[in-house]
Each structure stands twice: as C-alpha cells, then as structure tokens.
>>> print(open('my_file21.txt').read())   # compact mmCIF, C-alpha atoms
# COMPACT_ATOMS: atom_id res chain seq x y z
CA MET F 751 -43.61 3.22 0.39
CA THR F 752 -39.94 3.48 1.08
CA ARG F 753 -38.45 2.35 4.32
CA GLY F 754 -35.07 3.99 3.93
CA ARG F 755 -31.70 2.45 4.57
CA ALA F 756 -31.83 -1.13 5.78
CA ALA F 757 -30.82 -1.80 9.34
CA GLY F 758 -27.13 -2.36 9.63
CA PRO F 759 -24.01 -0.40 10.35
CA PRO F 760 -24.51 3.36 10.53
CA LEU F 761 -23.09 5.60 7.84
CA SER F 762 -19.44 6.46 8.30
CA THR F 763 -18.78 10.02 9.45
CA SER F 764 -17.53 11.05 6.00
CA ASP F 765 -20.55 9.42 4.27
CA LEU F 766 -22.91 11.09 6.75
CA HIS F 767 -21.36 14.53 6.16
CA ALA F 768 -21.45 13.99 2.38
CA ALA F 769 -25.15 13.03 2.51
CA VAL F 770 -25.98 16.01 4.74
CA GLY F 771 -24.07 18.34 2.39
CA VAL F 772 -26.09 17.06 -0.57
CA ARG F 773 -29.42 17.51 1.24
CA LEU F 774 -28.53 21.04 2.34
CA GLY F 775 -27.30 21.90 -1.15
CA ARG F 776 -30.60 20.83 -2.71
CA ARG F 777 -32.28 23.56 -0.66
CA ALA F 778 -29.50 26.11 -1.33
CA TYR F 779 -28.18 26.00 2.24
CA ARG F 780 -24.49 26.04 3.05
CA TYR F 781 -22.96 23.32 5.21
CA THR F 782 -21.42 25.65 7.78
CA ASN F 783 -19.07 24.67 10.58
CA GLY F 784 -21.90 25.14 13.10
CA ARG F 785 -24.17 22.77 11.17
CA ARG F 786 -21.33 20.26 10.80
CA ARG F 787 -20.70 20.41 14.56
CA LEU F 788 -24.43 19.92 15.21
CA VAL F 789 -24.50 16.86 12.94
CA ASP F 790 -21.51 15.44 14.83
CA VAL F 791 -23.30 15.92 18.18
CA ILE F 792 -26.49 14.22 16.94
CA ALA F 793 -24.45 11.36 15.48
CA ALA F 794 -22.48 10.88 18.69
CA ALA F 795 -25.69 10.72 20.75
CA GLY F 796 -26.92 7.65 18.86
CA GLN F 797 -30.51 8.33 19.96
CA PRO F 798 -33.09 11.11 19.68
CA VAL F 799 -31.87 14.28 21.42
CA THR F 800 -33.41 17.50 22.67
CA LEU F 801 -32.03 21.01 22.30
CA PRO F 802 -30.82 20.95 25.96
CA ASP F 803 -29.12 17.57 25.29
CA ILE F 804 -27.28 19.11 22.34
CA VAL F 805 -26.22 22.22 24.26
CA ALA F 806 -25.02 20.07 27.19
CA ALA F 807 -22.95 17.92 24.82
CA ALA F 808 -21.58 20.94 22.95
CA PRO F 809 -21.53 24.01 25.21
CA ASP F 810 -19.63 25.87 22.49
CA LEU F 811 -22.88 25.96 20.44
CA ALA F 812 -25.27 28.77 21.35
CA PRO F 813 -28.83 27.53 21.96
CA SER F 814 -30.31 30.10 19.57
CA SER F 815 -27.90 29.00 16.83
CA VAL F 816 -28.66 25.32 17.50
CA TYR F 817 -32.39 26.01 17.27
CA ARG F 818 -32.04 27.88 13.95
CA ASN F 819 -29.75 25.19 12.52
CA LEU F 820 -32.09 22.39 13.63
CA ASP F 821 -34.84 24.19 11.69
CA VAL F 822 -32.65 24.33 8.57
CA LEU F 823 -31.66 20.67 8.97
CA GLU F 824 -35.30 19.70 9.42
CA ARG F 825 -36.45 21.66 6.34
CA SER F 826 -33.63 20.03 4.35
CA GLY F 827 -34.65 16.50 5.30
CA VAL F 828 -31.57 15.88 7.44
CA VAL F 829 -33.33 15.56 10.80
CA ASP F 830 -36.84 14.67 11.91
CA ARG F 831 -38.57 16.34 14.85
CA ILE F 832 -40.32 13.96 17.26
CA VAL F 833 -42.89 15.55 19.51
CA SER F 834 -43.49 13.93 22.89
CA ASN F 835 -45.36 15.03 25.99
CA GLY F 836 -42.11 16.26 27.48
CA ASP F 837 -40.96 19.86 27.61
CA HIS F 838 -38.85 19.59 24.45
CA ALA F 839 -39.06 18.10 20.98
CA TYR F 840 -36.52 15.41 20.12
CA PHE F 841 -34.41 15.34 16.97
CA GLU F 842 -32.83 12.46 15.09
CA PHE F 843 -31.50 11.87 11.60
CA ALA F 844 -34.14 11.40 8.93
CA GLU F 845 -34.33 8.35 6.69
CA PRO F 846 -32.29 7.20 4.88
CA LEU F 847 -29.51 8.73 7.00
CA LEU F 848 -30.83 6.51 9.80
CA SER F 849 -32.34 3.09 9.24
CA HIS F 850 -36.12 2.77 9.27
CA HIS F 851 -37.59 2.42 12.75
CA HIS F 852 -40.47 3.52 14.95
CA HIS F 853 -40.77 4.98 18.46
CA LEU F 854 -42.14 4.18 21.89
CA ILE F 855 -43.02 7.52 23.51
CA CYS F 856 -43.78 7.81 27.22
CA VAL F 857 -46.74 10.12 27.83
CA ASP F 858 -45.53 10.85 31.38
CA CYS F 859 -41.83 11.67 31.13
CA GLY F 860 -41.51 12.12 27.36
CA ALA F 861 -38.78 9.48 26.99
CA ILE F 862 -38.41 8.05 23.49
CA GLU F 863 -37.12 4.61 22.58
CA ASP F 864 -36.38 3.43 19.04
CA VAL F 865 -38.10 0.22 17.92
CA ARG F 866 -37.42 -1.83 14.81
CA LEU F 867 -40.11 -4.20 13.60
CA ASP F 868 -39.47 -7.60 12.07
CA ASP F 869 -39.19 -7.38 8.26
CA ASP F 870 -42.33 -9.50 7.80
CA VAL F 871 -44.35 -7.27 10.13
CA GLU F 872 -42.98 -4.16 8.41
CA ALA F 873 -44.05 -5.58 5.03
CA ILE F 874 -47.59 -6.15 6.35
CA VAL F 875 -47.71 -2.58 7.71
CA ASP F 876 -46.43 -1.19 4.38
CA ARG F 877 -48.94 -3.21 2.39
CA SER F 878 -51.87 -2.29 4.66
CA LEU F 879 -51.02 1.40 4.59
CA ALA F 880 -50.53 1.34 0.80
CA GLU F 881 -53.97 -0.27 0.37
CA ALA F 882 -55.62 2.33 2.64
CA ALA F 883 -53.82 5.13 0.80
CA GLY F 884 -54.89 3.70 -2.57
CA ARG F 885 -58.53 3.66 -1.53
CA ALA F 886 -58.23 7.33 -0.57
CA GLY F 887 -56.34 8.31 -3.73
CA PHE F 888 -53.34 9.21 -1.58
CA ARG F 889 -49.77 8.69 -2.82
CA PRO F 890 -47.64 7.57 0.15
CA LEU F 891 -43.95 8.33 0.44
CA ARG F 892 -43.08 6.75 3.78
CA HIS F 893 -44.62 5.92 7.12
CA SER F 894 -43.76 6.35 10.75
CA LEU F 895 -45.31 4.72 13.74
CA ASP F 896 -45.18 6.17 17.23
CA LEU F 897 -46.64 4.14 20.07
CA HIS F 898 -47.62 6.30 23.04
CA GLY F 899 -47.84 4.81 26.53
CA HIS F 900 -45.96 4.52 29.83
CA CYS F 901 -42.27 3.60 29.98
CA ALA F 902 -41.01 1.05 32.51
CA ASP F 903 -39.91 3.85 34.89
CA CYS F 904 -43.33 5.56 34.81
CA ALA F 905 -45.55 2.46 34.73
>>> encode(input="my_file21.txt", output="structure tokens")
Amino acid sequence: MTRGRAAGPPLSTSDLHAAVGVRLGRRAYRYTNGRRRLVDVIAAAGQPVTLPDIVAAAPDLAPSSVYRNLDVLERSGVVDRIVSNGDHAYFEFAEPLLSHHHHLICVDCGAIEDVRLDDDVEAIVDRSLAEAAGRAGFRPLRHSLDLHGHCADCA
C-alpha cells in the first residue's frame, strides 16, 4: 500500500498547482480560474473545509460553482471528501498532494482533526491490512483510518 508523500513541508504553491493541473488533465478537465481559486482557498485553510467554509473564505465564488468544481476535483483525485455527522462534508487535498494522515471525527459536532501515526505504527497497520487483503484476494492501493468519537468540546 502506498502512504503518499512523507510528512514534511507542504508543496509550494507552484508545485501544488502543477500537480493539480496534471491530475485534471489526466481526466480531460481544464484547470480553470475558478478551480485554481478553489485550490488556493483549500490550501490556505490548512485543514479539512466544508462548502460554507470555502464560500465564507472566498465570497467571490458562487456556492453552486464551488460544489460542481469540488466534484470535478474529487473525481480527478485532487481532493478527498470526508463525511462526518455534521451538516456538511469536508474536503481536503488527496494524497500525495497532502501527506498521509488519518482523522478524528466527532460524532456530535462533526469536527475533524488530522492525526499522523508514528512510522512504526503505520508500518504495522500497512502490513496487517495487506495481509488481510491478501487473504481475501484484494489488491490494496491505500488506506485511510477515521476514528469516530467525541471531541474535547463535546465530551
């Protein structure tokens, strides 16, 4: 299984835009100004964001356009959708645009926190999942782990 880009400094803005352009191009999508602006907003947030978060940060982007462009970015492997118990899905860059990590998701308020596991623990998880997949004849590509519970504010 691949774990994506190692933890470390984030991609530079120009590298991020180049990588997004490549991913969109593979699916025959154009990298429009609206999509570029959306990528900038997600990058500036530095954490998973909802559609209302994006619109609040960039009121010049129409919600309907943001929603359509998020769908294109998701289908192109640029962003991942994270579903929580909140009213809205969250979006963040997909691997390897963002380093490999997991999530703590509050079942009450829907808050999401990124969590990075120790490399040794991550290796054990990878190995265990690969063994389980092998027994099932499944060919894994990557894994994600979301831990659902109560955040400090809701506990």
>>> closest_residue(input="my_file21.txt", among="F:Leu788, F:Leu847, F:Ala808, F:Val822", to="F:Asp765", atoms="all atoms listed in the file")
F:Leu847
>>> axis_aligned_box(input="my_file21.txt", around="stretch 792-801 of chain F", padding_each_side="4 Å", output="lines of an AutoDock Vina configuration file")
center_x = -27.9
center_y = 14.3
center_z = 19.1
size_x = 18.9
size_y = 21.4
size_z = 15.2
>>> closest_residue(input="my_file21.txt", among="F:Asp869, F:Pro798, F:Asp876, F:Glu881", to="F:Tyr840", atoms="only C-alpha atoms")
F:Pro798
>>> closest_residue(input="my_file21.txt", among="F:Arg877, F:Arg786, F:His900, F:His893", to="F:Glu863", atoms="all atoms listed in the file")
F:His900
>>> residues_around(input="my_file21.txt", residues="F:Val799", least_positions_apart="3", cutoff="8 Å", atoms="all atoms listed in the file", output="ChimeraX atom specification")
/F:792,795,803-804,840-842
>>> atom_distance(input="my_file21.txt", atom1="atom CA of F:Phe843", atom2="atom CA of F:Val789")
8.7 Å
>>> closest_residue(input="my_file21.txt", among="F:Leu811, F:Leu766, F:Leu823, F:Ala905", to="F:Cys856", atoms="only C-alpha atoms")
F:Ala905
>>> closest_residue(input="my_file21.txt", among="F:His851, F:Ala839, F:Ala794, F:Arg787", to="F:Val816", atoms="only C-alpha atoms")
F:Arg787
>>> closest_residue(input="my_file21.txt", among="F:Ala883, F:Val805, F:Cys901, F:Val828", to="F:Arg777", atoms="only C-alpha atoms")
F:Val828
>>> atom_distance(input="my_file21.txt", atom1="atom CA of F:Ala861", atom2="atom CA of F:Val770")
26.5 Å
>>> atom_distance(input="my_file21.txt", atom1="atom CA of F:Gly899", atom2="atom CA of F:Ile855")
6.3 Å
